[in-house]
Amino acid sequence: VALVAMPGSGSSRQYFRIQTDSRSLIGAYNVNVEENEAFYSFSKHFTQCKLPVPEVLAVSAGKDVYVQTDLGDDSLFKHVEKCLENGKFDEETIDLYRKSLDKLVYFQTIGHKGLDYSKAFPTPAFDEMSIMEDLNYFKYCFLKEQEEISFNETRLDADFQRLAKYILEAPADFFMYRDFQSRNIMIVNNEPYFIDYQGGRRGPLQYDVVSLLYQVKARIPEDIRLQLIDYYKQRISTVESQSSLTLSFDKYFPAFVLLRLLQVLGAYGFRGLIQKKLHFMQSIPYAIRELMNANSHWSLPFELPELRSVIDKFGLLLHKYENIEPEVLTISVNSFSFKNGGVPYDKSGNGGGFVFDCRALP
């Protein structure tokens, strides 16, 4: 049996590939038991609904360690990266997006029915608190880190309240995946499978569509994005027969684009500027450009003057974040004592390194 640590991501969960003589499995360790229980419960329900998710095979007594089926390493995002290298989104990748949207419709509707939302973590529904957390994530973890941007916090909070109130008007009796993006869509035999839905909750339709099609590093061309939005609306209309659904989807969609992009910048600020993870820091310019583009095109039935003023100034930040140097090999050498703290903490997230007993040296 071989056990190999997998690369870290934006969460604190640790994943390991377990290779046996007959199969490959994924082991996970997460100290947040409530989050794990949401994953166990949702996985069981989605499997019963015949949705393509990993099967949870074993759970430890403490519920902090579990083993699941291995869906491989071929994510939808890897297909997107090839398209970006080639300068064109090919039909095969666009078709994978269509297939993913097909399955999203079933997650949101069939997967929603009978789902035990009492297991949802950290909240059972996308409510006002959830929205304000996303907006404050942007304010505290990104905006306040920018010395170049001045703003009136009271007026910005008033804009946030206005935006949240509007978003809460959207129909919200569906399953909301929460982080429905191409890195969480694995491709197995040219079919999409789905991971990382443990943050799901009851909520609106638009958020997940925006999460996938406005993923900033995917850089989906606008004409293809619009085609895929139309495709999704056709598919959801075959499952949900309410005639008003498409109208409400279009009405609130721009507000969800704005909300999701602000949340993403908050996440990049936290992981990149605060936790100093270079990958997230280098992603900031993509999010800024997408948000500035949305700022120039959004159509809402009310004004958000302070927020618009803030985003209008984001051009000042592009040069700063576009010139971040690529990551280079860094070697840290530390002496330590087992009596005083032991082996130094590994800040890189790469799984530690080498330890040498040098006590015999002069």
# chains A, B, ... in the order shown; residues from 1 in each chain; ligands from 1
$ select_by_dssp --residues "segment 174-333 of chain A" --states "strand (DSSP E)" --output "MDAnalysis selection string"
chainID A and resid 174:176 185:188 191:194 201:203
$ residues_around --residues "Tyr97 of chain A" --least-positions-apart "3" --cutoff "12 Å" --atoms "only C-alpha atoms" --output "PyMOL selection string"
chain A and resi 75-77+79-80+89-94+100-104+180-182+185-187+190-193+209+212-213+218+220+224-225+227-229+231-232
$ select_by_dssp --residues "segment 20-241 of chain A" --states "helix (DSSP H, G or I)" --output "ChimeraX atom specification"
/A:33-48,76-86,91-108,117-119,128-141,143-145,153-167,182-184,206-213,222-239
$ residues_around --residues "Ser11 of chain A" --least-positions-apart "2" --cutoff "12 Å" --atoms "only C-alpha atoms" --output "list in words"
Pro7, Gly8, Ser9, Arg13, Gln14, Tyr15, Ala28, Tyr29, Asn30, Val31, Asn32, Glu35, Asp196, Gln198, Gly199, Ala267, Phe270, Arg271, Gln275, Lys277 and Gly349 of chain A
$ closest_residue --among "A:Thr109, A:Ser211, A:Ser22, A:Ser237" --to "Phe256 of chain A" --atoms "only C-alpha atoms"
A:Ser211
$ closest_residue --among "A:Tyr177, A:Phe138, A:Phe126, A:Phe160" --to "Glu306 of chain A" --atoms "only C-alpha atoms"
A:Phe160
$ residues_around --residues "Phe46 of chain A" --least-positions-apart "5" --cutoff "8 Å" --atoms "only C-alpha atoms" --output "list in words"
Leu51, Pro52, Val53, Phe107 and Gly111 of chain A
$ decode --residues "segment 326-339 of chain A" --atoms "all heavy atoms" --output "PDB file, in the first residue's frame"
ATOM      1  N   PRO A 326       6.726  35.057 -10.112  1.00  0.00           N
ATOM      2  CA  PRO A 326       6.361  33.639  -9.972  1.00  0.00           C
ATOM      3  C   PRO A 326       7.093  33.012  -8.793  1.00  0.00           C
ATOM      4  O   PRO A 326       8.174  33.462  -8.400  1.00  0.00           O
ATOM      5  CB  PRO A 326       6.832  33.020 -11.290  1.00  0.00           C
ATOM      6  CG  PRO A 326       7.032  34.165 -12.218  1.00  0.00           C
ATOM      7  CD  PRO A 326       7.368  35.352 -11.379  1.00  0.00           C
ATOM      8  N   GLU A 327       6.509  31.948  -8.278  1.00  0.00           N
ATOM      9  CA  GLU A 327       7.106  31.270  -7.126  1.00  0.00           C
ATOM     10  C   GLU A 327       8.402  30.590  -7.532  1.00  0.00           C
ATOM     11  O   GLU A 327       8.494  29.980  -8.589  1.00  0.00           O
ATOM     12  CB  GLU A 327       6.120  30.233  -6.573  1.00  0.00           C
ATOM     13  CG  GLU A 327       6.534  29.689  -5.242  1.00  0.00           C
ATOM     14  CD  GLU A 327       5.404  28.940  -4.563  1.00  0.00           C
ATOM     15  OE1 GLU A 327       4.398  28.667  -5.214  1.00  0.00           O
ATOM     16  OE2 GLU A 327       5.567  28.629  -3.377  1.00  0.00           O
ATOM     17  N   VAL A 328       9.440  30.724  -6.711  1.00  0.00           N
ATOM     18  CA  VAL A 328      10.723  30.066  -6.963  1.00  0.00           C
ATOM     19  C   VAL A 328      11.015  29.121  -5.810  1.00  0.00           C
ATOM     20  O   VAL A 328      10.379  29.173  -4.767  1.00  0.00           O
ATOM     21  CB  VAL A 328      11.865  31.101  -7.097  1.00  0.00           C
ATOM     22  CG1 VAL A 328      11.652  31.977  -8.325  1.00  0.00           C
ATOM     23  CG2 VAL A 328      11.963  31.966  -5.857  1.00  0.00           C
ATOM     24  N   LEU A 329      11.988  28.248  -6.034  1.00  0.00           N
ATOM     25  CA  LEU A 329      12.371  27.301  -4.988  1.00  0.00           C
ATOM     26  C   LEU A 329      12.928  28.049  -3.786  1.00  0.00           C
ATOM     27  O   LEU A 329      13.841  28.865  -3.917  1.00  0.00           O
ATOM     28  CB  LEU A 329      13.420  26.319  -5.523  1.00  0.00           C
ATOM     29  CG  LEU A 329      13.980  25.329  -4.498  1.00  0.00           C
ATOM     30  CD1 LEU A 329      12.890  24.400  -3.994  1.00  0.00           C
ATOM     31  CD2 LEU A 329      15.122  24.525  -5.107  1.00  0.00           C
ATOM     32  N   THR A 330      12.374  27.790  -2.628  1.00  0.00           N
ATOM     33  CA  THR A 330      12.848  28.406  -1.390  1.00  0.00           C
ATOM     34  C   THR A 330      13.211  27.301  -0.411  1.00  0.00           C
ATOM     35  O   THR A 330      12.408  26.402  -0.165  1.00  0.00           O
ATOM     36  CB  THR A 330      11.761  29.305  -0.765  1.00  0.00           C
ATOM     37  OG1 THR A 330      11.388  30.303  -1.713  1.00  0.00           O
ATOM     38  CG2 THR A 330      12.274  29.968   0.508  1.00  0.00           C
ATOM     39  N   ILE A 331      14.418  27.354   0.119  1.00  0.00           N
ATOM     40  CA  ILE A 331      14.874  26.362   1.095  1.00  0.00           C
ATOM     41  C   ILE A 331      15.058  27.059   2.435  1.00  0.00           C
ATOM     42  O   ILE A 331      15.783  28.047   2.536  1.00  0.00           O
ATOM     43  CB  ILE A 331      16.200  25.704   0.653  1.00  0.00           C
ATOM     44  CG1 ILE A 331      16.009  24.964  -0.683  1.00  0.00           C
ATOM     45  CG2 ILE A 331      16.693  24.733   1.726  1.00  0.00           C
ATOM     46  CD1 ILE A 331      17.302  24.407  -1.247  1.00  0.00           C
ATOM     47  N   SER A 332      14.370  26.577   3.457  1.00  0.00           N
ATOM     48  CA  SER A 332      14.523  27.112   4.812  1.00  0.00           C
ATOM     49  C   SER A 332      15.303  26.109   5.641  1.00  0.00           C
ATOM     50  O   SER A 332      15.008  24.916   5.644  1.00  0.00           O
ATOM     51  CB  SER A 332      13.141  27.338   5.456  1.00  0.00           C
ATOM     52  OG  SER A 332      12.409  28.292   4.719  1.00  0.00           O
ATOM     53  N   VAL A 333      16.333  26.603   6.326  1.00  0.00           N
ATOM     54  CA  VAL A 333      17.150  25.756   7.195  1.00  0.00           C
ATOM     55  C   VAL A 333      16.965  26.236   8.627  1.00  0.00           C
ATOM     56  O   VAL A 333      17.175  27.417   8.926  1.00  0.00           O
ATOM     57  CB  VAL A 333      18.644  25.821   6.800  1.00  0.00           C
ATOM     58  CG1 VAL A 333      19.461  24.915   7.705  1.00  0.00           C
ATOM     59  CG2 VAL A 333      18.823  25.433   5.339  1.00  0.00           C
ATOM     60  N   ASN A 334      16.535  25.356   9.503  1.00  0.00           N
ATOM     61  CA  ASN A 334      16.258  25.714  10.900  1.00  0.00           C
ATOM     62  C   ASN A 334      16.945  24.738  11.840  1.00  0.00           C
ATOM     63  O   ASN A 334      17.007  23.537  11.554  1.00  0.00           O
ATOM     64  CB  ASN A 334      14.750  25.627  11.200  1.00  0.00           C
ATOM     65  CG  ASN A 334      13.929  26.518  10.307  1.00  0.00           C
ATOM     66  OD1 ASN A 334      13.770  27.694  10.569  1.00  0.00           O
ATOM     67  ND2 ASN A 334      13.409  25.942   9.232  1.00  0.00           N
ATOM     68  N   SER A 335      17.442  25.255  12.946  1.00  0.00           N
ATOM     69  CA  SER A 335      17.830  24.360  14.034  1.00  0.00           C
ATOM     70  C   SER A 335      16.662  24.308  15.010  1.00  0.00           C
ATOM     71  O   SER A 335      15.833  25.225  15.043  1.00  0.00           O
ATOM     72  CB  SER A 335      19.086  24.879  14.738  1.00  0.00           C
ATOM     73  OG  SER A 335      18.826  26.145  15.314  1.00  0.00           O
ATOM     74  N   PHE A 336      16.570  23.227  15.774  1.00  0.00           N
ATOM     75  CA  PHE A 336      15.440  23.121  16.695  1.00  0.00           C
ATOM     76  C   PHE A 336      15.794  22.162  17.828  1.00  0.00           C
ATOM     77  O   PHE A 336      16.773  21.411  17.758  1.00  0.00           O
ATOM     78  CB  PHE A 336      14.181  22.628  15.968  1.00  0.00           C
ATOM     79  CG  PHE A 336      14.267  21.193  15.518  1.00  0.00           C
ATOM     80  CD1 PHE A 336      13.780  20.172  16.320  1.00  0.00           C
ATOM     81  CD2 PHE A 336      14.813  20.868  14.289  1.00  0.00           C
ATOM     82  CE1 PHE A 336      13.856  18.851  15.914  1.00  0.00           C
ATOM     83  CE2 PHE A 336      14.898  19.549  13.874  1.00  0.00           C
ATOM     84  CZ  PHE A 336      14.413  18.535  14.686  1.00  0.00           C
ATOM     85  N   SER A 337      14.981  22.198  18.835  1.00  0.00           N
ATOM     86  CA  SER A 337      15.135  21.298  19.977  1.00  0.00           C
ATOM     87  C   SER A 337      13.797  20.636  20.261  1.00  0.00           C
ATOM     88  O   SER A 337      12.754  21.290  20.245  1.00  0.00           O
ATOM     89  CB  SER A 337      15.589  22.102  21.203  1.00  0.00           C
ATOM     90  OG  SER A 337      15.335  21.370  22.385  1.00  0.00           O
ATOM     91  N   PHE A 338      13.827  19.346  20.525  1.00  0.00           N
ATOM     92  CA  PHE A 338      12.577  18.661  20.875  1.00  0.00           C
ATOM     93  C   PHE A 338      12.038  19.161  22.214  1.00  0.00           C
ATOM     94  O   PHE A 338      10.851  19.060  22.488  1.00  0.00           O
ATOM     95  CB  PHE A 338      12.783  17.150  20.914  1.00  0.00           C
ATOM     96  CG  PHE A 338      12.785  16.520  19.543  1.00  0.00           C
ATOM     97  CD1 PHE A 338      13.935  15.964  19.025  1.00  0.00           C
ATOM     98  CD2 PHE A 338      11.627  16.506  18.772  1.00  0.00           C
ATOM     99  CE1 PHE A 338      13.945  15.385  17.761  1.00  0.00           C
ATOM    100  CE2 PHE A 338      11.628  15.930  17.507  1.00  0.00           C
ATOM    101  CZ  PHE A 338      12.789  15.376  16.995  1.00  0.00           C
ATOM    102  N   LYS A 339      12.918  19.712  23.037  1.00  0.00           N
ATOM    103  CA  LYS A 339      12.473  20.249  24.325  1.00  0.00           C
ATOM    104  C   LYS A 339      11.739  21.574  24.153  1.00  0.00           C
ATOM    105  O   LYS A 339      10.927  21.954  24.991  1.00  0.00           O
ATOM    106  CB  LYS A 339      13.679  20.459  25.255  1.00  0.00           C
ATOM    107  CG  LYS A 339      14.226  19.183  25.861  1.00  0.00           C
ATOM    108  CD  LYS A 339      15.319  19.518  26.868  1.00  0.00           C
ATOM    109  CE  LYS A 339      15.820  18.256  27.571  1.00  0.00           C
ATOM    110  NZ  LYS A 339      16.878  18.588  28.565  1.00  0.00           N
TER     111      LYS A 339
END
